[in-house]
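Source file: final_12.pdb (PDB, C-alpha atoms)
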```
ATOM      1  CA  MET A   1      68.224-153.167 107.966
ATOM      2  CA  LEU A   2      64.833-151.462 107.599
ATOM      3  CA  LEU A   3      66.090-148.499 109.626
ATOM      4  CA  LEU A   4      69.104-148.103 107.343
ATOM      5  CA  LEU A   5      66.854-148.289 104.288
ATOM      6  CA  ALA A   6      64.512-145.673 105.765
ATOM      7  CA  ALA A   7      67.455-143.398 106.610
ATOM      8  CA  ALA A   8      68.833-143.780 103.084
ATOM      9  CA  CYS A   9      65.439-142.851 101.619
ATOM     10  CA  VAL A  10      65.223-139.755 103.806
ATOM     11  CA  VAL A  11      68.729-138.644 102.790
ATOM     12  CA  ALA A  12      67.945-139.247  99.119
ATOM     13  CA  PHE A  13      64.693-137.285  99.449
ATOM     14  CA  VAL A  14      66.445-134.335 101.095
ATOM     15  CA  LEU A  15      69.171-134.312  98.423
ATOM     16  CA  LEU A  16      66.498-134.372  95.728
ATOM     17  CA  LEU A  17      64.780-131.393  97.341
ATOM     18  CA  TYR A  18      68.036-129.438  97.385
ATOM     19  CA  MET A  19      68.520-130.204  93.686
ATOM     20  CA  VAL A  20      64.971-129.249  92.706
ATOM     21  CA  SER A  21      64.694-126.223  95.011
ATOM     22  CA  PRO A  22      66.656-123.753  92.840
ATOM     23  CA  LEU A  23      64.387-124.595  89.913
ATOM     24  CA  ILE A  24      61.325-123.141  91.685
ATOM     25  CA  SER A  25      63.055-120.224  93.419
ATOM     26  CA  PRO A  26      62.687-116.684  92.033
ATOM     27  CA  LYS A  27      65.365-115.339  89.764
ATOM     28  CA  PRO A  28      67.585-112.984  91.828
ATOM     29  CA  LEU A  29      67.144-109.273  91.195
ATOM     30  CA  LYS A  30      70.242-107.542  89.829
ATOM     31  CA  LEU A  31      70.972-104.380  91.803
ATOM     32  CA  PRO A  32      73.545-102.683  89.512
ATOM     33  CA  GLY A  33      71.588 -99.904  87.782
ATOM     34  CA  ALA A  34      68.355-100.761  89.626
ATOM     35  CA  HIS A  35      66.165 -98.053  91.164
ATOM     36  CA  VAL A  36      65.684 -98.708  94.887
ATOM     37  CA  VAL A  37      63.303 -96.600  96.988
ATOM     38  CA  VAL A  38      63.784 -96.606 100.769
ATOM     39  CA  THR A  39      61.223 -94.999 103.057
ATOM     40  CA  GLY A  40      62.475 -93.982 106.489
ATOM     41  CA  GLY A  41      65.863 -93.756 104.801
ATOM     42  CA  SER A  42      67.440 -90.924 106.771
ATOM     43  CA  SER A  43      68.561 -93.039 109.744
ATOM     44  CA  GLY A  44      68.637 -96.484 111.334
ATOM     45  CA  ILE A  45      67.907 -99.598 109.310
ATOM     46  CA  GLY A  46      66.618 -97.574 106.350
ATOM     47  CA  LYS A  47      69.859 -95.650 106.039
ATOM     48  CA  CYS A  48      71.952 -98.835 106.251
ATOM     49  CA  VAL A  49      69.739-100.567 103.680
ATOM     50  CA  ALA A  50      70.249 -97.655 101.288
ATOM     51  CA  ILE A  51      74.023 -97.819 101.777
ATOM     52  CA  GLU A  52      74.037-101.576 101.166
ATOM     53  CA  CYS A  53      72.078-101.204  97.915
ATOM     54  CA  TYR A  54      74.247 -98.290  96.787
ATOM     55  CA  LYS A  55      77.378-100.369  97.384
ATOM     56  CA  GLN A  56      75.953-102.880  94.919
ATOM     57  CA  GLY A  57      75.446-100.286  92.194
ATOM     58  CA  ALA A  58      71.824 -99.244  92.719
ATOM     59  CA  PHE A  59      70.290 -95.804  92.203
ATOM     60  CA  ILE A  60      68.637 -94.677  95.438
ATOM     61  CA  THR A  61      65.583 -92.605  96.295
ATOM     62  CA  LEU A  62      65.523 -91.733  99.991
ATOM     63  CA  ILE A  63      62.207 -90.770 101.551
ATOM     64  CA  ALA A  64      61.866 -89.362 105.065
ATOM     65  CA  ARG A  65      60.332 -86.394 106.900
ATOM     66  CA  ASN A  66      63.454 -84.519 108.032
ATOM     67  CA  GLU A  67      65.047 -82.770 105.057
ATOM     68  CA  SER A  68      68.295 -81.846 106.837
ATOM     69  CA  LYS A  69      68.826 -85.469 107.936
ATOM     70  CA  LEU A  70      68.109 -86.627 104.394
ATOM     71  CA  LEU A  71      70.768 -84.345 102.931
ATOM     72  CA  GLN A  72      73.291 -85.467 105.537
ATOM     73  CA  THR A  73      72.507 -89.122 104.821
ATOM     74  CA  LYS A  74      72.803 -88.492 101.076
ATOM     75  CA  LYS A  75      76.387 -87.290 101.570
ATOM     76  CA  GLU A  76      77.224 -90.377 103.638
ATOM     77  CA  ILE A  77      75.760 -92.753 101.070
ATOM     78  CA  GLU A  78      77.551 -91.138  98.138
ATOM     79  CA  LYS A  79      80.895 -92.090  99.693
ATOM     80  CA  TYR A  80      80.139 -95.714  98.745
ATOM     81  CA  SER A  81      79.552 -95.190  95.017
ATOM     82  CA  VAL A  82      80.886 -97.862  92.676
ATOM     83  CA  ASN A  83      80.549 -95.768  89.518
ATOM     84  CA  ASP A  84      80.114 -92.104  88.598
ATOM     85  CA  LYS A  85      76.604 -92.640  87.175
ATOM     86  CA  GLN A  86      74.936 -93.475  90.480
ATOM     87  CA  VAL A  87      72.459 -91.003  91.936
ATOM     88  CA  VAL A  88      70.949 -90.500  95.396
ATOM     89  CA  LEU A  89      67.650 -88.626  95.232
ATOM     90  CA  CYS A  90      66.168 -87.175  98.454
ATOM     91  CA  ILE A  91      62.462 -86.529  98.956
ATOM     92  CA  SER A  92      61.085 -85.030 102.164
ATOM     93  CA  VAL A  93      57.564 -86.331 102.786
ATOM     94  CA  ASP A  94      55.568 -87.994 105.559
ATOM     95  CA  VAL A  95      54.433 -91.280 103.991
ATOM     96  CA  SER A  96      51.666 -91.699 106.586
ATOM     97  CA  LYS A  97      49.781 -88.436 105.982
ATOM     98  CA  ASP A  98      48.470 -88.035 102.447
ATOM     99  CA  TYR A  99      48.378 -90.823  99.853
ATOM    100  CA  GLY A 100      48.036 -88.351  96.979
ATOM    101  CA  HIS A 101      51.244 -86.605  98.016
ATOM    102  CA  VAL A 102      53.112 -89.918  98.390
ATOM    103  CA  GLU A 103      51.912 -91.011  94.955
ATOM    104  CA  ASN A 104      53.056 -87.748  93.363
ATOM    105  CA  VAL A 105      56.570 -87.781  94.846
ATOM    106  CA  LEU A 106      57.103 -91.403  93.812
ATOM    107  CA  LYS A 107      55.926 -90.545  90.318
ATOM    108  CA  GLN A 108      58.522 -87.741  90.240
ATOM    109  CA  ALA A 109      61.209 -90.129  91.478
ATOM    110  CA  GLN A 110      60.410 -92.581  88.679
ATOM    111  CA  GLU A 111      60.535 -89.805  86.101
ATOM    112  CA  LYS A 112      64.073 -88.969  87.270
ATOM    113  CA  LEU A 113      65.557 -92.400  87.994
ATOM    114  CA  GLY A 114      63.297 -94.779  86.107
ATOM    115  CA  PRO A 115      60.717 -97.340  87.304
ATOM    116  CA  VAL A 116      61.104 -98.627  90.841
ATOM    117  CA  ASP A 117      62.736-102.053  90.908
ATOM    118  CA  MET A 118      62.705-102.442  94.673
ATOM    119  CA  LEU A 119      60.711-100.648  97.369
ATOM    120  CA  ILE A 120      61.898-101.079 100.961
ATOM    121  CA  ASN A 121      59.386 -99.834 103.525
ATOM    122  CA  CYS A 122      61.470 -98.908 106.573
ATOM    123  CA  ALA A 123      59.502 -95.914 107.868
ATOM    124  CA  GLY A 124      58.307 -96.695 111.367
ATOM    125  CA  THR A 125      58.127 -95.636 114.978
ATOM    126  CA  SER A 126      57.597 -97.265 118.354
ATOM    127  CA  VAL A 127      55.920 -96.448 121.650
ATOM    128  CA  THR A 128      56.071 -98.770 124.651
ATOM    129  CA  GLY A 129      53.979 -98.802 127.788
ATOM    130  CA  LYS A 130      51.170-100.637 129.497
ATOM    131  CA  PHE A 131      47.921-100.720 127.535
ATOM    132  CA  GLU A 132      45.921 -98.564 129.958
ATOM    133  CA  ASP A 133      48.739 -96.013 130.271
ATOM    134  CA  LEU A 134      48.906 -95.287 126.547
ATOM    135  CA  GLU A 135      46.774 -92.601 124.945
ATOM    136  CA  VAL A 136      44.437 -93.811 122.203
ATOM    137  CA  SER A 137      46.180 -91.340 119.878
ATOM    138  CA  CYS A 138      49.346 -93.485 120.199
ATOM    139  CA  PHE A 139      47.541 -96.465 118.655
ATOM    140  CA  GLU A 140      46.249 -94.297 115.813
ATOM    141  CA  ARG A 141      49.636 -92.696 115.127
ATOM    142  CA  LEU A 142      51.538 -95.999 115.099
ATOM    143  CA  MET A 143      49.007 -97.626 112.785
ATOM    144  CA  ALA A 144      49.279 -94.659 110.420
ATOM    145  CA  VAL A 145      53.090 -94.653 110.303
ATOM    146  CA  ASN A 146      53.952 -98.344 110.595
ATOM    147  CA  TYR A 147      51.106 -99.805 108.513
ATOM    148  CA  LEU A 148      49.467 -97.173 106.304
ATOM    149  CA  GLY A 149      52.841 -95.631 105.462
ATOM    150  CA  SER A 150      53.837 -98.962 103.916
ATOM    151  CA  VAL A 151      50.454 -99.331 102.200
ATOM    152  CA  TYR A 152      50.679 -95.897 100.579
ATOM    153  CA  ALA A 153      54.190 -96.303  99.197
ATOM    154  CA  SER A 154      53.535 -99.840  97.946
ATOM    155  CA  HIS A 155      50.238 -98.868  96.315
ATOM    156  CA  ALA A 156      51.992 -96.053  94.469
ATOM    157  CA  VAL A 157      54.512 -98.352  92.733
ATOM    158  CA  ILE A 158      52.677-101.653  92.297
ATOM    159  CA  ALA A 159      50.947-100.802  88.996
ATOM    160  CA  THR A 160      54.237-100.027  87.244
ATOM    161  CA  MET A 161      55.827-103.184  88.640
ATOM    162  CA  LYS A 162      52.944-105.275  87.278
ATOM    163  CA  GLU A 163      53.255-103.624  83.871
ATOM    164  CA  ARG A 164      56.972-104.472  83.797
ATOM    165  CA  ARG A 165      56.361-107.917  85.332
ATOM    166  CA  MET A 166      59.190-107.532  87.819
ATOM    167  CA  GLY A 167      59.881-105.988  91.197
ATOM    168  CA  ARG A 168      60.508-106.429  94.887
ATOM    169  CA  ILE A 169      58.573-104.991  97.829
ATOM    170  CA  VAL A 170      59.970-105.228 101.353
ATOM    171  CA  PHE A 171      58.049-104.624 104.569
ATOM    172  CA  VAL A 172      60.232-104.144 107.630
ATOM    173  CA  SER A 173      58.261-105.637 110.494
ATOM    174  CA  SER A 174      59.824-106.761 113.784
ATOM    175  CA  GLN A 175      60.103-109.794 116.024
ATOM    176  CA  ALA A 176      57.363-107.968 117.941
ATOM    177  CA  GLY A 177      55.319-108.601 114.788
ATOM    178  CA  GLN A 178      55.714-112.346 115.344
ATOM    179  CA  VAL A 179      54.997-112.550 119.056
ATOM    180  CA  GLY A 180      53.078-110.075 121.206
ATOM    181  CA  LEU A 181      55.048-108.973 124.255
ATOM    182  CA  PHE A 182      54.358-106.954 127.389
ATOM    183  CA  GLY A 183      54.492-103.220 126.680
ATOM    184  CA  TYR A 184      53.961-103.475 122.913
ATOM    185  CA  THR A 185      50.157-103.329 122.696
ATOM    186  CA  ALA A 186      50.366-100.260 120.430
ATOM    187  CA  TYR A 187      53.378-101.367 118.401
ATOM    188  CA  SER A 188      52.921-105.108 117.847
ATOM    189  CA  PRO A 189      49.534-104.941 116.061
ATOM    190  CA  THR A 190      50.953-102.556 113.453
ATOM    191  CA  LYS A 191      53.774-104.994 112.703
ATOM    192  CA  PHE A 192      51.466-108.030 112.694
ATOM    193  CA  ALA A 193      49.327-106.158 110.142
ATOM    194  CA  LEU A 194      52.269-105.973 107.733
ATOM    195  CA  ARG A 195      52.464-109.769 107.690
ATOM    196  CA  GLY A 196      48.806-110.075 106.652
ATOM    197  CA  LEU A 197      49.247-107.427 103.984
ATOM    198  CA  ALA A 198      52.371-109.128 102.658
ATOM    199  CA  GLU A 199      50.767-112.580 102.425
ATOM    200  CA  ALA A 200      47.703-111.310 100.569
ATOM    201  CA  LEU A 201      49.747-109.053  98.286
ATOM    202  CA  GLN A 202      52.230-111.818  97.461
ATOM    203  CA  MET A 203      49.402-114.044  96.241
ATOM    204  CA  GLU A 204      48.170-111.237  93.990
ATOM    205  CA  VAL A 205      51.495-110.232  92.448
ATOM    206  CA  LYS A 206      53.418-113.503  92.200
ATOM    207  CA  PRO A 207      52.085-114.216  88.669
ATOM    208  CA  TYR A 208      53.671-110.910  87.637
ATOM    209  CA  ASN A 209      57.127-111.963  88.861
ATOM    210  CA  ILE A 210      56.917-109.578  91.822
ATOM    211  CA  TYR A 211      58.127-110.899  95.166
ATOM    212  CA  VAL A 212      57.323-109.620  98.641
ATOM    213  CA  THR A 213      59.651-109.896 101.626
ATOM    214  CA  VAL A 214      58.761-109.392 105.290
ATOM    215  CA  ALA A 215      61.763-108.655 107.504
ATOM    216  CA  TYR A 216      61.636-109.430 111.226
ATOM    217  CA  PRO A 217      64.664-107.724 112.779
ATOM    218  CA  PRO A 218      65.326-108.129 116.505
ATOM    219  CA  ASP A 219      66.204-105.187 118.754
ATOM    220  CA  THR A 220      68.583-103.117 116.634
ATOM    221  CA  GLU A 221      70.970-100.297 117.513
ATOM    222  CA  THR A 222      69.202 -97.326 115.938
ATOM    223  CA  PRO A 223      68.210 -93.809 117.073
ATOM    224  CA  GLY A 224      64.623 -95.029 117.347
ATOM    225  CA  PHE A 225      65.624 -97.931 119.585
ATOM    226  CA  ALA A 226      67.583 -95.579 121.826
ATOM    227  CA  GLU A 227      64.421 -93.510 122.342
ATOM    228  CA  GLU A 228      62.286 -96.620 122.854
ATOM    229  CA  ILE A 229      64.486 -97.839 125.730
ATOM    230  CA  LYS A 230      63.712 -94.672 127.696
ATOM    231  CA  THR A 231      60.006 -95.538 127.986
ATOM    232  CA  LYS A 232      60.152 -99.330 128.295
ATOM    233  CA  PRO A 233      58.341-100.760 131.330
ATOM    234  CA  LEU A 234      60.481-102.879 133.668
ATOM    235  CA  GLU A 235      58.789-106.077 132.481
ATOM    236  CA  THR A 236      59.626-105.277 128.861
ATOM    237  CA  LYS A 237      63.268-104.576 129.708
ATOM    238  CA  LEU A 238      63.623-107.884 131.569
ATOM    239  CA  ILE A 239      61.967-109.855 128.773
ATOM    240  CA  SER A 240      64.184-108.143 126.182
ATOM    241  CA  GLU A 241      67.283-109.325 128.018
ATOM    242  CA  ALA A 242      66.615-112.789 126.571
ATOM    243  CA  SER A 243      67.636-111.552 123.118
ATOM    244  CA  SER A 244      70.739-109.789 121.842
ATOM    245  CA  VAL A 245      70.826-106.375 120.147
ATOM    246  CA  CYS A 246      71.935-106.360 116.503
ATOM    247  CA  GLN A 247      73.791-103.698 114.557
ATOM    248  CA  ALA A 248      71.789-101.903 111.870
ATOM    249  CA  GLU A 249      74.431-102.689 109.221
ATOM    250  CA  GLN A 250      74.116-106.411 109.917
ATOM    251  CA  VAL A 251      70.324-106.285 109.703
ATOM    252  CA  ALA A 252      70.469-104.289 106.455
ATOM    253  CA  ARG A 253      72.745-106.830 104.766
ATOM    254  CA  VAL A 254      70.353-109.661 105.569
ATOM    255  CA  ILE A 255      67.281-107.725 104.407
ATOM    256  CA  VAL A 256      68.858-106.741 101.090
ATOM    257  CA  LYS A 257      70.127-110.268 100.455
ATOM    258  CA  ASP A 258      66.715-111.839 101.122
ATOM    259  CA  ALA A 259      64.913-109.213  99.032
ATOM    260  CA  ILE A 260      67.243-109.830  96.083
ATOM    261  CA  GLN A 261      66.590-113.569  96.340
ATOM    262  CA  GLY A 262      62.824-113.028  96.622
ATOM    263  CA  ASN A 263      62.551-114.753 100.006
ATOM    264  CA  PHE A 264      59.267-114.087 101.778
ATOM    265  CA  ASN A 265      60.719-114.275 105.292
ATOM    266  CA  SER A 266      63.826-112.399 106.359
ATOM    267  CA  PHE A 267      65.175-113.090 109.841
ATOM    268  CA  MET A 268      68.364-112.779 111.866
ATOM    269  CA  GLY A 269      70.009-115.174 114.320
ATOM    270  CA  SER A 270      68.855-118.373 116.008
ATOM    271  CA  ASP A 271      65.886-116.702 117.734
ATOM    272  CA  GLY A 272      64.798-115.271 114.408
ATOM    273  CA  TYR A 273      65.050-118.669 112.737
ATOM    274  CA  MET A 274      62.965-120.293 115.463
ATOM    275  CA  LEU A 275      60.299-117.582 115.280
ATOM    276  CA  SER A 276      60.155-117.829 111.489
ATOM    277  CA  ILE A 277      59.414-121.547 111.800
ATOM    278  CA  LEU A 278      56.889-121.138 114.630
ATOM    279  CA  THR A 279      54.970-118.381 112.848
ATOM    280  CA  SER A 280      55.212-119.790 109.312
ATOM    281  CA  GLY A 281      51.529-120.806 109.256
ATOM    282  CA  MET A 282      50.254-120.430 105.697
ATOM    283  CA  SER A 283      53.003-118.052 104.585
ATOM    284  CA  PRO A 284      54.490-118.736 101.132
ATOM    285  CA  VAL A 285      57.863-120.416 100.692
ATOM    286  CA  THR A 286      60.386-119.735  97.962
ATOM    287  CA  ALA A 287      62.177-123.083  98.199
ATOM    288  CA  ILE A 288      61.022-126.631  98.901
ATOM    289  CA  THR A 289      63.753-127.008 101.511
ATOM    290  CA  GLU A 290      62.322-124.052 103.438
ATOM    291  CA  GLY A 291      58.974-125.801 103.717
ATOM    292  CA  LEU A 292      60.680-129.040 104.731
ATOM    293  CA  GLN A 293      62.532-127.291 107.560
ATOM    294  CA  GLN A 294      59.260-125.846 108.821
ATOM    295  CA  VAL A 295      57.615-129.279 108.889
ATOM    296  CA  VAL A 296      60.549-130.970 110.634
ATOM    297  CA  CYS A 297      61.355-128.269 113.208
ATOM    298  CA  MET A 298      57.889-127.030 114.177
ATOM    299  CA  GLY A 299      57.310-129.512 117.025
ATOM    300  CA  ILE A 300      60.581-129.081 118.894
ATOM    301  CA  PHE A 301      60.526-125.296 118.422
ATOM    302  CA  ARG A 302      57.009-125.167 119.876
ATOM    303  CA  ILE A 303      58.291-126.900 123.004
ATOM    304  CA  ILE A 304      61.152-124.399 123.293
ATOM    305  CA  GLY A 305      58.719-121.554 122.669
ATOM    306  CA  LEU A 306      56.505-122.708 125.541
ATOM    307  CA  PHE A 307      59.482-122.492 127.888
ATOM    308  CA  TYR A 308      60.128-118.926 126.682
ATOM    309  CA  LEU A 309      56.485-117.971 127.265
ATOM    310  CA  GLY A 310      56.567-119.510 130.726
ATOM    311  CA  SER A 311      59.664-117.483 131.526
ATOM    312  CA  PHE A 312      58.041-114.269 130.285
ATOM    313  CA  ASP A 313      54.893-114.912 132.333
ATOM    314  CA  SER A 314      57.058-115.508 135.397
ATOM    315  CA  ILE A 315      58.838-112.170 134.863
ATOM    316  CA  VAL A 316      55.534-110.305 134.590
ATOM    317  CA  HIS A 317      54.167-112.024 137.698
ATOM    318  CA  ARG A 318      57.283-111.240 139.768
ATOM    319  CA  CYS A 319      57.195-107.597 138.730
ATOM    320  CA  MET A 320      53.527-107.362 139.697
ATOM    321  CA  ILE A 321      54.224-108.800 143.168
ATOM    322  CA  GLN A 322      57.191-106.473 143.689
ATOM    323  CA  ARG A 323      55.115-103.489 142.612
ATOM    324  CA  GLU A 324      52.269-104.412 144.951
ATOM    325  CA  LYS A 325      54.693-104.854 147.856
ATOM    326  CA  SER A 326      56.254-101.494 147.127
ATOM    327  CA  GLU A 327      52.841 -99.798 146.964
ATOM    328  CA  SER A 328      51.792-101.491 150.214
ATOM    329  CA  THR A 329      54.983-100.311 151.934
ATOM    330  CA  ASP A 330      54.436 -96.750 150.743
ATOM    331  CA  LYS A 331      50.911 -96.724 152.161
ATOM    332  CA  THR A 332      52.033 -97.872 155.619
ATOM    333  CA  LYS A 333      54.642 -95.108 155.930
TER     334      LYS A 333
END
```

Represent the supplied structure as structure tokens.
Amino acid sequence: MLLLLAAACVVAFVLLLYMVSPLISPKPLKLPGAHVVVTGGSSGIGKCVAIECYKQGAFITLIARNESKLLQTKKEIEKYSVNDKQVVLCISVDVSKDYGHVENVLKQAQEKLGPVDMLINCAGTSVTGKFEDLEVSCFERLMAVNYLGSVYASHAVIATMKERRMGRIVFVSSQAGQVGLFGYTAYSPTKFALRGLAEALQMEVKPYNIYVTVAYPPDTETPGFAEEIKTKPLETKLISEASSVCQAEQVARVIVKDAIQGNFNSFMGSDGYMLSILTSGMSPVTAITEGLQQVVCMGIFRIIGLFYLGSFDSIVHRCMIQREKSESTDKTK
């Protein structure tokens, strides 16, 4: 009898949370007519994010380094217009080089298309390899592109968003920004840094009705991923086999949906859900039910995570033994 009463109380509590949750969630951002800026928008996830926003009636500013790719992408995006007033503006600039230049081009974009309603920081690059095999310049370059590029663009639009008391800022991180893996010593820290920036920034701007989203896409079919595969160490390739590769269009839909809703975490698939729970820490939640899921699932997911880590360690150890045997064989010839 007591067990039934306890179960009934739990069910009633959960139902109450579901009823109250929408009352504390952010008001969704309306994309029709909104000005959306996408850095790294000429290909990959950035391009697909721009298309997804354009399909929903947004005005788009695309920022990337390669002007010819930008113009080609602009033509592709314009095929999805929902009205004849929509505009796709292209700006060729390296967001990681000069903050003053980034600030100026975003000011020009706002003069043409109005204040930025949503900024989606997709500009990024990846280099894989063992720590000692990577040049120090790789660490500096990745930190500049993946982290400072997002800092510069966000810093350039935040003042206007605060004045208007509305806005969305999205940082595209990676599952490698939730867990450090073999071969990603240069890449992972830059993506972990985005999480720290997002948490601190969200606390600052939440009173102004500005919401920050961190997206953690898994391996995704993009031109950048195709290049990354070419340099992956064997250990990294074997570890990556544990997860599936997503399509950029699928990832973009999830990112845009979560950004509109004002969700802090954006993830894909069952692995993404588990990692979002395991790495939730002190990250903000946008619904009571989200926090409840983290509390309930943390323990069992930690157990599953330990099995994953054990498997990864085993892969690394086996590869080391095979490499040593191969080197020993070569020496005896």

Next on the checklist: List as an MDAnalysis selection string the protein and nucleic acid residues near Gly269 of chain A, meaning an atom at most 10 Å away when all atoms listed in the file are counted, but skip any in the same chain fewer than 2 places from it.
Outcome noted: chainID A and resid 217:218 243:244 246 267 271:274

Write a file of the just-selected residues containing C-alpha atoms, as a PDB file, in the coordinates of the input.
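For reference, part23.pdb as written:
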```pdb
ATOM      1  CA  PRO A 217      64.664-107.724 112.779  1.00  0.00           C
ATOM      2  CA  PRO A 218      65.326-108.129 116.505  1.00  0.00           C
ATOM      3  CA  SER A 243      67.636-111.552 123.118  1.00  0.00           C
ATOM      4  CA  SER A 244      70.739-109.789 121.842  1.00  0.00           C
ATOM      5  CA  CYS A 246      71.935-106.360 116.503  1.00  0.00           C
ATOM      6  CA  PHE A 267      65.175-113.090 109.841  1.00  0.00           C
ATOM      7  CA  ASP A 271      65.886-116.702 117.734  1.00  0.00           C
ATOM      8  CA  GLY A 272      64.798-115.271 114.408  1.00  0.00           C
ATOM      9  CA  TYR A 273      65.050-118.669 112.737  1.00  0.00           C
ATOM     10  CA  MET A 274      62.965-120.293 115.463  1.00  0.00           C
TER      11      MET A 274
END
```

Next on the checklist: I'd like to see the residues matched by the PyMOL selection byres ((chain A and resi 117) around 8) on this file, and ideally I'd get them as a list in words.
Outcome noted: Ala34, His35, Val36, Pro115, Val116, Met118, Leu119, Met161, Met166, Gly167 and Arg168 of chain A

Prev. selection, C-alpha atoms, output as a short mmCIF file (atom, residue, chain, number, x, y, z; two decimals), in the frame of the given file:
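Contents of result_11.cif, as written:
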```cif
data_model
loop_
_atom_site.label_atom_id
_atom_site.label_comp_id
_atom_site.auth_asym_id
_atom_site.auth_seq_id
_atom_site.Cartn_x
_atom_site.Cartn_y
_atom_site.Cartn_z
CA ALA A 34 68.36 -100.76 89.63
CA HIS A 35 66.17 -98.05 91.16
CA VAL A 36 65.68 -98.71 94.89
CA PRO A 115 60.72 -97.34 87.30
CA VAL A 116 61.10 -98.63 90.84
CA MET A 118 62.70 -102.44 94.67
CA LEU A 119 60.71 -100.65 97.37
CA MET A 161 55.83 -103.18 88.64
CA MET A 166 59.19 -107.53 87.82
CA GLY A 167 59.88 -105.99 91.20
CA ARG A 168 60.51 -106.43 94.89
#
```

Checklist entry - Could you state the separation of atom CA of Glu140 of chain A and atom CA of Val179 of chain A in Å, given to one decimal place? => result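 Taking atom CA of Glu140 of chain A and atom CA of Val179 of chain A, their separation equals 20.5 Å.
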
If the PyMOL selection byres ((chain A and resi 176) around 12) were run on this exact file, what residues would it hold? Put them as a tab-separated table (two decimals) with C-alpha atoms, in the frame of the given file.
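Okay, this is what ended up in result-v3.tsv:
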```tsv
chain	number	residue	atom	x	y	z
A	126	SER	CA	57.60	-97.26	118.35
A	128	THR	CA	56.07	-98.77	124.65
A	172	VAL	CA	60.23	-104.14	107.63
A	173	SER	CA	58.26	-105.64	110.49
A	174	SER	CA	59.82	-106.76	113.78
A	175	GLN	CA	60.10	-109.79	116.02
A	177	GLY	CA	55.32	-108.60	114.79
A	178	GLN	CA	55.71	-112.35	115.34
A	179	VAL	CA	55.00	-112.55	119.06
A	180	GLY	CA	53.08	-110.08	121.21
A	181	LEU	CA	55.05	-108.97	124.26
A	182	PHE	CA	54.36	-106.95	127.39
A	183	GLY	CA	54.49	-103.22	126.68
A	184	TYR	CA	53.96	-103.48	122.91
A	185	THR	CA	50.16	-103.33	122.70
A	186	ALA	CA	50.37	-100.26	120.43
A	187	TYR	CA	53.38	-101.37	118.40
A	188	SER	CA	52.92	-105.11	117.85
A	189	PRO	CA	49.53	-104.94	116.06
A	190	THR	CA	50.95	-102.56	113.45
A	191	LYS	CA	53.77	-104.99	112.70
A	192	PHE	CA	51.47	-108.03	112.69
A	193	ALA	CA	49.33	-106.16	110.14
A	194	LEU	CA	52.27	-105.97	107.73
A	195	ARG	CA	52.46	-109.77	107.69
A	215	ALA	CA	61.76	-108.66	107.50
A	216	TYR	CA	61.64	-109.43	111.23
A	217	PRO	CA	64.66	-107.72	112.78
A	218	PRO	CA	65.33	-108.13	116.50
A	219	ASP	CA	66.20	-105.19	118.75
A	236	THR	CA	59.63	-105.28	128.86
A	239	ILE	CA	61.97	-109.86	128.77
A	240	SER	CA	64.18	-108.14	126.18
A	272	GLY	CA	64.80	-115.27	114.41
A	275	LEU	CA	60.30	-117.58	115.28
A	279	THR	CA	54.97	-118.38	112.85
```

Under the rule of at most 12 Å, produce a per-residue listing of segment 38-66 of chain A near segment 105-108 of chain A: chain, number, name, the closest pair of atoms, and the distance in Å, as JSON lines, using all atoms listed in the file.
```
{"residue": "A:Val38", "atom": "CA", "partner": "A:Leu106", "partner_atom": "CA", "distance": 11.0}
{"residue": "A:Thr39", "atom": "CA", "partner": "A:Leu106", "partner_atom": "CA", "distance": 10.7}
{"residue": "A:Thr61", "atom": "CA", "partner": "A:Leu106", "partner_atom": "CA", "distance": 8.9}
{"residue": "A:Leu62", "atom": "CA", "partner": "A:Leu106", "partner_atom": "CA", "distance": 10.4}
{"residue": "A:Ile63", "atom": "CA", "partner": "A:Val105", "partner_atom": "CA", "distance": 9.3}
{"residue": "A:Ala64", "atom": "CA", "partner": "A:Val105", "partner_atom": "CA", "distance": 11.6}
```

Report as a compact mmCIF listing (two decimals) with C-alpha atoms, in the coordinates of the input the residues that result from applying the PyMOL selection byres ((chain A and resi 250-265) around 7) to the structure here.
```txt
# COMPACT_ATOMS: atom_id res chain seq x y z
CA PRO A 26 62.69 -116.68 92.03
CA LYS A 27 65.36 -115.34 89.76
CA PRO A 28 67.58 -112.98 91.83
CA LEU A 29 67.14 -109.27 91.20
CA ILE A 45 67.91 -99.60 109.31
CA CYS A 48 71.95 -98.84 106.25
CA VAL A 49 69.74 -100.57 103.68
CA GLU A 52 74.04 -101.58 101.17
CA ARG A 168 60.51 -106.43 94.89
CA VAL A 170 59.97 -105.23 101.35
CA TYR A 211 58.13 -110.90 95.17
CA VAL A 212 57.32 -109.62 98.64
CA THR A 213 59.65 -109.90 101.63
CA VAL A 214 58.76 -109.39 105.29
CA ALA A 215 61.76 -108.66 107.50
CA PRO A 217 64.66 -107.72 112.78
CA CYS A 246 71.94 -106.36 116.50
CA GLN A 247 73.79 -103.70 114.56
CA ALA A 248 71.79 -101.90 111.87
CA GLU A 249 74.43 -102.69 109.22
CA SER A 266 63.83 -112.40 106.36
CA PHE A 267 65.18 -113.09 109.84
CA PRO A 284 54.49 -118.74 101.13
CA VAL A 285 57.86 -120.42 100.69
CA THR A 286 60.39 -119.74 97.96
```

Checklist entry - What is the distance between atom CA of Phe312 of chain A and atom CA of Arg141 of chain A, in Å to one decimal? => result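 Taking atom CA of Phe312 of chain A as the start and atom CA of Arg141 of chain A as the end point, the length is 27.7 Å.
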
Item to check | Proximity to Ala226 of chain A - best of A:Ser42, A:Ile303, A:Lys30, A:Val245, all atoms listed in the file | outcome: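 Under the stated criterion, the closest residue is A:Val245.
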
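If you look at atom CA of Ala200 of chain A and atom CA of Ala159 of chain A, they are 16.0 Å away from each other.
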